[in-house]
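Structure, as structure tokens:
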Amino acid sequence: MTYRDVASKQVMIWACTAVAARMPVAMAPLALVFLVRERPGGYTLGATLAAAYVLGEIIGAPVLGVRLDPARGRRHLAVGLVGGAVGFAGLGVLAGAHPVVLGAFAFLAGAAPAAAAGGQRALLTSLVPERAVAQALSTESMLMSGVWAVSPVAVAGLALGVAPRVPLLLAAALMASSIAGHWLLPAGWAKEEQDGKAGRRLGPRVLIRAWPVYVTGAASITLLGLAELTLPALLEQRGIGVGWSGPMLAGLAVGSGLGAFLYGLRSWPGRLRSRSAVLMCGMSVFVTLAALIPGAAGIATALVLAGILQSGALITRNLSLREAVPPSALSAGYSVMYAAAGAGYAATGSLAGGLLQVVAPSTAMVAGVLLTLLLTALGWWGEARRDGSRAAGDPAFGVAAGAEGAPIAGGCDAEGRL
């Protein structure tokens, strides 16, 4: 169980394909703001377009994700990526169009490829031995941390240094190039055609029963989303230059990548639900410290440490999903979790905007911590209840375990035999 098990030509092709597909996702919100910021009311319009984009992701991920065919997923992913490329190209080419037109293209750019992340994650885990799944997910998390660290810098540089439409045209080109990469990879990720048919038949019920995993996954995104959105106001409250928010958020992304690397170095003790709860509580502690510490260095350090723990929490959620649903439903499950995270982030924006009107930024951040802990407790309870019902032989909870084989002894996670 080392990273050597992940180092293969197929995984390298997957990595290039995934970066090309997901860089546009990371670029989109800021690129939309830059696209229209010079119009009258540009920042408001930019926020509206970004909201339309996120709404497309929230709707598209579950709707399209449950329709992915595990045996022939490449065709579905390609169609979605084509739609996304068209959406981004429309925004770049028709930058001066009516806001309704831009909103429609933004929604298309978000919705059409929304299932790609789930499908690509399922494809990645099918390319490596079972013992290396945790390392594969850690590698993916490191890649995405790099993407999210680089994207804001690239968008700002291109929009200000070249033209506001260029980041969106680049996003269209990247997403289109990812389509070609998929033709160098397997056509699907189902190990058996029979299992694929079973997963499509049982998918909706199985996905609903995995709700505790989505709740906890969304909680981690919600917490750091609130920290990101309130950070400029927090720095202003502390008398620190708002310009430091960029480097601090970059440090958070670097911390997330480091945490993903450390998580994949070894197996970790405890059940997945307990491990996730510990990581979420630790992350909550560091975000609370970031809200209360008066100095810039202390805030930056707390955010880096929170990022380290957040990546581990997200990886445990992905591993928990592998326990909760059969292999053929994994891509759909990942897509639903992606939608849950998007919904959590969107709700975070509304919560932050509302709280900052009535309380200090530090208080708003602590309120987000309390909400996160509540969601974490709810998710832990749901997983414990599900595992207890499964251990008692409740047939309503036997679908996923039966599809994947016998549960791991003692209810421990799949990493126990790595």
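Numbering starts fresh at 1 for the residues of each chain in the structure tokens, the chains themselves are lettered A, B, ... in the order given, and ligands are numbered from 1 as they appear.
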* To do: Please identify all polymer residues within 7 Å of A:Ala52, counting only C-alpha atoms, omitting same-chain residues fewer than 5 positions from it, and present them as a PyMOL selection string.
  => chain A and resi 103+106-107
Would you export the selected residues with N, CA and C atoms as a PDB file, in the first residue's frame, please?
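What landed in again_23.pdb:
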ATOM      1  N   GLY A 103     -26.512  33.909 -18.488  1.00  0.00           N
ATOM      2  CA  GLY A 103     -26.965  33.016 -17.426  1.00  0.00           C
ATOM      3  C   GLY A 103     -27.256  31.621 -17.941  1.00  0.00           C
ATOM      4  N   ALA A 106     -23.977  29.946 -18.537  1.00  0.00           N
ATOM      5  CA  ALA A 106     -23.354  29.601 -17.260  1.00  0.00           C
ATOM      6  C   ALA A 106     -24.007  28.347 -16.668  1.00  0.00           C
ATOM      7  N   PHE A 107     -25.332  28.279 -16.742  1.00  0.00           N
ATOM      8  CA  PHE A 107     -26.036  27.104 -16.237  1.00  0.00           C
ATOM      9  C   PHE A 107     -25.608  25.855 -17.015  1.00  0.00           C
TER      10      PHE A 107
END
Skipping near chain neighbours, those fewer than 4 positions away, what residues fall within 8 Å of A:Pro361 using only C-alpha atoms, listed as an mmCIF file with N, CA and C atoms, in the first residue's frame?
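Produced file part-v8.cif, reproduced below:
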data_model
loop_
_atom_site.group_PDB
_atom_site.id
_atom_site.type_symbol
_atom_site.label_atom_id
_atom_site.label_comp_id
_atom_site.auth_asym_id
_atom_site.auth_seq_id
_atom_site.Cartn_x
_atom_site.Cartn_y
_atom_site.Cartn_z
ATOM 1 N N THR A 230 -15.674 34.486 4.623
ATOM 2 C CA THR A 230 -15.627 35.506 5.682
ATOM 3 C C THR A 230 -14.205 35.982 5.968
ATOM 4 N N LEU A 231 -13.199 35.358 5.358
ATOM 5 C CA LEU A 231 -11.815 35.707 5.668
ATOM 6 C C LEU A 231 -11.491 37.176 5.394
ATOM 7 N N ALA A 233 -13.381 39.812 5.468
ATOM 8 C CA ALA A 233 -14.008 40.620 6.517
ATOM 9 C C ALA A 233 -13.327 40.385 7.864
ATOM 10 N N LEU A 234 -12.900 39.153 8.139
ATOM 11 C CA LEU A 234 -12.214 38.854 9.392
ATOM 12 C C LEU A 234 -10.890 39.606 9.469
ATOM 13 N N GLN A 237 -11.522 43.124 10.236
ATOM 14 C CA GLN A 237 -11.869 43.261 11.654
ATOM 15 C C GLN A 237 -10.619 43.268 12.526
ATOM 16 N N ALA A 291 -10.636 32.121 13.762
ATOM 17 C CA ALA A 291 -11.601 33.190 14.027
ATOM 18 C C ALA A 291 -11.209 34.017 15.250
ATOM 19 N N LEU A 355 -25.185 36.491 8.070
ATOM 20 C CA LEU A 355 -24.564 36.673 9.379
ATOM 21 C C LEU A 355 -23.719 37.937 9.443
ATOM 22 N N LEU A 356 -23.009 38.244 8.349
ATOM 23 C CA LEU A 356 -22.142 39.420 8.373
ATOM 24 C C LEU A 356 -22.923 40.716 8.462
ATOM 25 N N MET A 365 -17.952 33.091 11.799
ATOM 26 C CA MET A 365 -17.137 31.901 11.575
ATOM 27 C C MET A 365 -17.391 30.856 12.657
#
Show me, as a short mmCIF file (atom, residue, chain, number, x, y, z; two decimals) with N, CA and C atoms, in the first residue's frame, the residues that have an atom within 7 Å of stretch 179-189 of chain A when counting only C-alpha atoms, minus same-chain residues fewer than 3 positions from it.
data_model
loop_
_atom_site.label_atom_id
_atom_site.label_comp_id
_atom_site.auth_asym_id
_atom_site.auth_seq_id
_atom_site.Cartn_x
_atom_site.Cartn_y
_atom_site.Cartn_z
N GLN A 10 -1.66 4.46 -17.26
CA GLN A 10 -3.09 4.76 -17.30
C GLN A 10 -3.47 5.84 -16.29
N ILE A 13 -2.37 9.24 -17.56
CA ILE A 13 -3.31 9.75 -18.56
C ILE A 13 -4.57 10.26 -17.87
N THR A 17 -6.16 14.08 -17.88
CA THR A 17 -7.55 14.24 -18.31
C THR A 17 -8.38 14.91 -17.23
N PRO A 70 -21.97 2.25 -15.89
CA PRO A 70 -20.63 1.87 -15.44
C PRO A 70 -19.83 1.12 -16.50
N ALA A 71 -20.51 0.42 -17.41
CA ALA A 71 -19.79 -0.35 -18.43
C ALA A 71 -19.38 0.51 -19.62
N ARG A 72 -20.12 1.58 -19.89
CA ARG A 72 -19.83 2.44 -21.05
C ARG A 72 -19.92 3.92 -20.65
N GLY A 73 -19.31 4.23 -19.52
CA GLY A 73 -19.42 5.59 -19.00
C GLY A 73 -18.72 6.63 -19.84
N ARG A 74 -17.73 6.21 -20.64
CA ARG A 74 -16.97 7.18 -21.43
C ARG A 74 -17.85 8.01 -22.34
N ALA A 78 -18.19 12.03 -22.15
CA ALA A 78 -17.82 12.84 -23.31
C ALA A 78 -18.94 13.81 -23.70
N LEU A 81 -18.99 16.63 -21.17
CA LEU A 81 -17.86 17.54 -21.34
C LEU A 81 -18.02 18.41 -22.59
N ALA A 122 -14.66 7.22 -10.08
CA ALA A 122 -14.93 5.79 -10.18
C ALA A 122 -13.97 5.12 -11.16
N LEU A 123 -13.66 5.82 -12.27
CA LEU A 123 -12.73 5.28 -13.25
C LEU A 123 -11.34 5.15 -12.64
N SER A 126 -10.91 2.16 -10.48
CA SER A 126 -10.91 0.91 -11.24
C SER A 126 -9.56 0.66 -11.92
N MET A 175 -11.56 21.90 -21.30
CA MET A 175 -12.61 20.88 -21.17
C MET A 175 -12.74 20.06 -22.45
N ALA A 176 -12.58 20.72 -23.61
CA ALA A 176 -12.63 19.99 -24.87
C ALA A 176 -11.45 19.01 -24.98
#
* Find the residue from A:Leu235, A:Ala26, A:Val11, A:Ala115 that sits nearest to A:Gly295; use only C-alpha atoms when measuring. =>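 Nearest candidate to A:Gly295 out of A:Leu235, A:Ala26, A:Val11, A:Ala115: A:Leu235.
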* **Test item: residues at most 10 Å from A:Ser320, only C-alpha atoms, excluding those fewer than 5 positions along its chain, as JSON, numbers by chain** => {"A": [210, 212, 213, 214, 271, 272, 273, 276, 314, 315, 325, 383, 413, 414]}
Residue subset to file, keeping N, CA and C atoms, as a PDB file, in the first residue's frame:
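So the final result, stored in out-v5.pdb, reads:
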ATOM      1  N   ALA A 210     -27.310   6.140   1.578  1.00  0.00           N
ATOM      2  CA  ALA A 210     -25.962   6.638   1.891  1.00  0.00           C
ATOM      3  C   ALA A 210     -25.980   8.092   2.348  1.00  0.00           C
ATOM      4  N   PRO A 212     -25.964   9.673   5.175  1.00  0.00           N
ATOM      5  CA  PRO A 212     -25.041  10.199   6.201  1.00  0.00           C
ATOM      6  C   PRO A 212     -23.681  10.593   5.637  1.00  0.00           C
ATOM      7  N   VAL A 213     -23.222   9.869   4.610  1.00  0.00           N
ATOM      8  CA  VAL A 213     -21.935  10.197   4.001  1.00  0.00           C
ATOM      9  C   VAL A 213     -22.001  11.565   3.337  1.00  0.00           C
ATOM     10  N   TYR A 214     -23.106  11.844   2.647  1.00  0.00           N
ATOM     11  CA  TYR A 214     -23.246  13.135   1.983  1.00  0.00           C
ATOM     12  C   TYR A 214     -23.308  14.273   3.001  1.00  0.00           C
ATOM     13  N   ARG A 271     -12.802   2.911  12.802  1.00  0.00           N
ATOM     14  CA  ARG A 271     -13.823   2.872  11.762  1.00  0.00           C
ATOM     15  C   ARG A 271     -13.811   4.184  10.991  1.00  0.00           C
ATOM     16  N   LEU A 272     -14.267   4.120   9.764  1.00  0.00           N
ATOM     17  CA  LEU A 272     -14.249   5.320   8.933  1.00  0.00           C
ATOM     18  C   LEU A 272     -15.097   6.434   9.528  1.00  0.00           C
ATOM     19  N   ARG A 273     -16.277   6.090  10.069  1.00  0.00           N
ATOM     20  CA  ARG A 273     -17.135   7.141  10.595  1.00  0.00           C
ATOM     21  C   ARG A 273     -16.499   7.829  11.799  1.00  0.00           C
ATOM     22  N   SER A 276     -13.570  10.005  10.534  1.00  0.00           N
ATOM     23  CA  SER A 276     -14.096  11.225   9.933  1.00  0.00           C
ATOM     24  C   SER A 276     -14.523  12.221  10.988  1.00  0.00           C
ATOM     25  N   LEU A 314     -12.334  14.435   3.688  1.00  0.00           N
ATOM     26  CA  LEU A 314     -12.976  14.166   2.397  1.00  0.00           C
ATOM     27  C   LEU A 314     -12.610  12.788   1.863  1.00  0.00           C
ATOM     28  N   ILE A 315     -11.375  12.371   2.066  1.00  0.00           N
ATOM     29  CA  ILE A 315     -10.971  11.038   1.603  1.00  0.00           C
ATOM     30  C   ILE A 315     -11.729   9.961   2.381  1.00  0.00           C
ATOM     31  N   VAL A 325     -22.312   1.767  -0.948  1.00  0.00           N
ATOM     32  CA  VAL A 325     -23.006   1.475  -2.209  1.00  0.00           C
ATOM     33  C   VAL A 325     -22.225   0.431  -2.991  1.00  0.00           C
ATOM     34  N   GLU A 383     -24.614   6.947  10.115  1.00  0.00           N
ATOM     35  CA  GLU A 383     -23.754   5.827   9.732  1.00  0.00           C
ATOM     36  C   GLU A 383     -23.769   4.731  10.794  1.00  0.00           C
ATOM     37  N   ASP A 413     -13.206  -0.205   7.977  1.00  0.00           N
ATOM     38  CA  ASP A 413     -13.219   0.254   6.596  1.00  0.00           C
ATOM     39  C   ASP A 413     -12.402  -0.646   5.699  1.00  0.00           C
ATOM     40  N   ALA A 414     -12.507  -0.354   4.413  1.00  0.00           N
ATOM     41  CA  ALA A 414     -11.850  -1.192   3.414  1.00  0.00           C
ATOM     42  C   ALA A 414     -10.340  -1.085   3.449  1.00  0.00           C
TER      43      ALA A 414
END
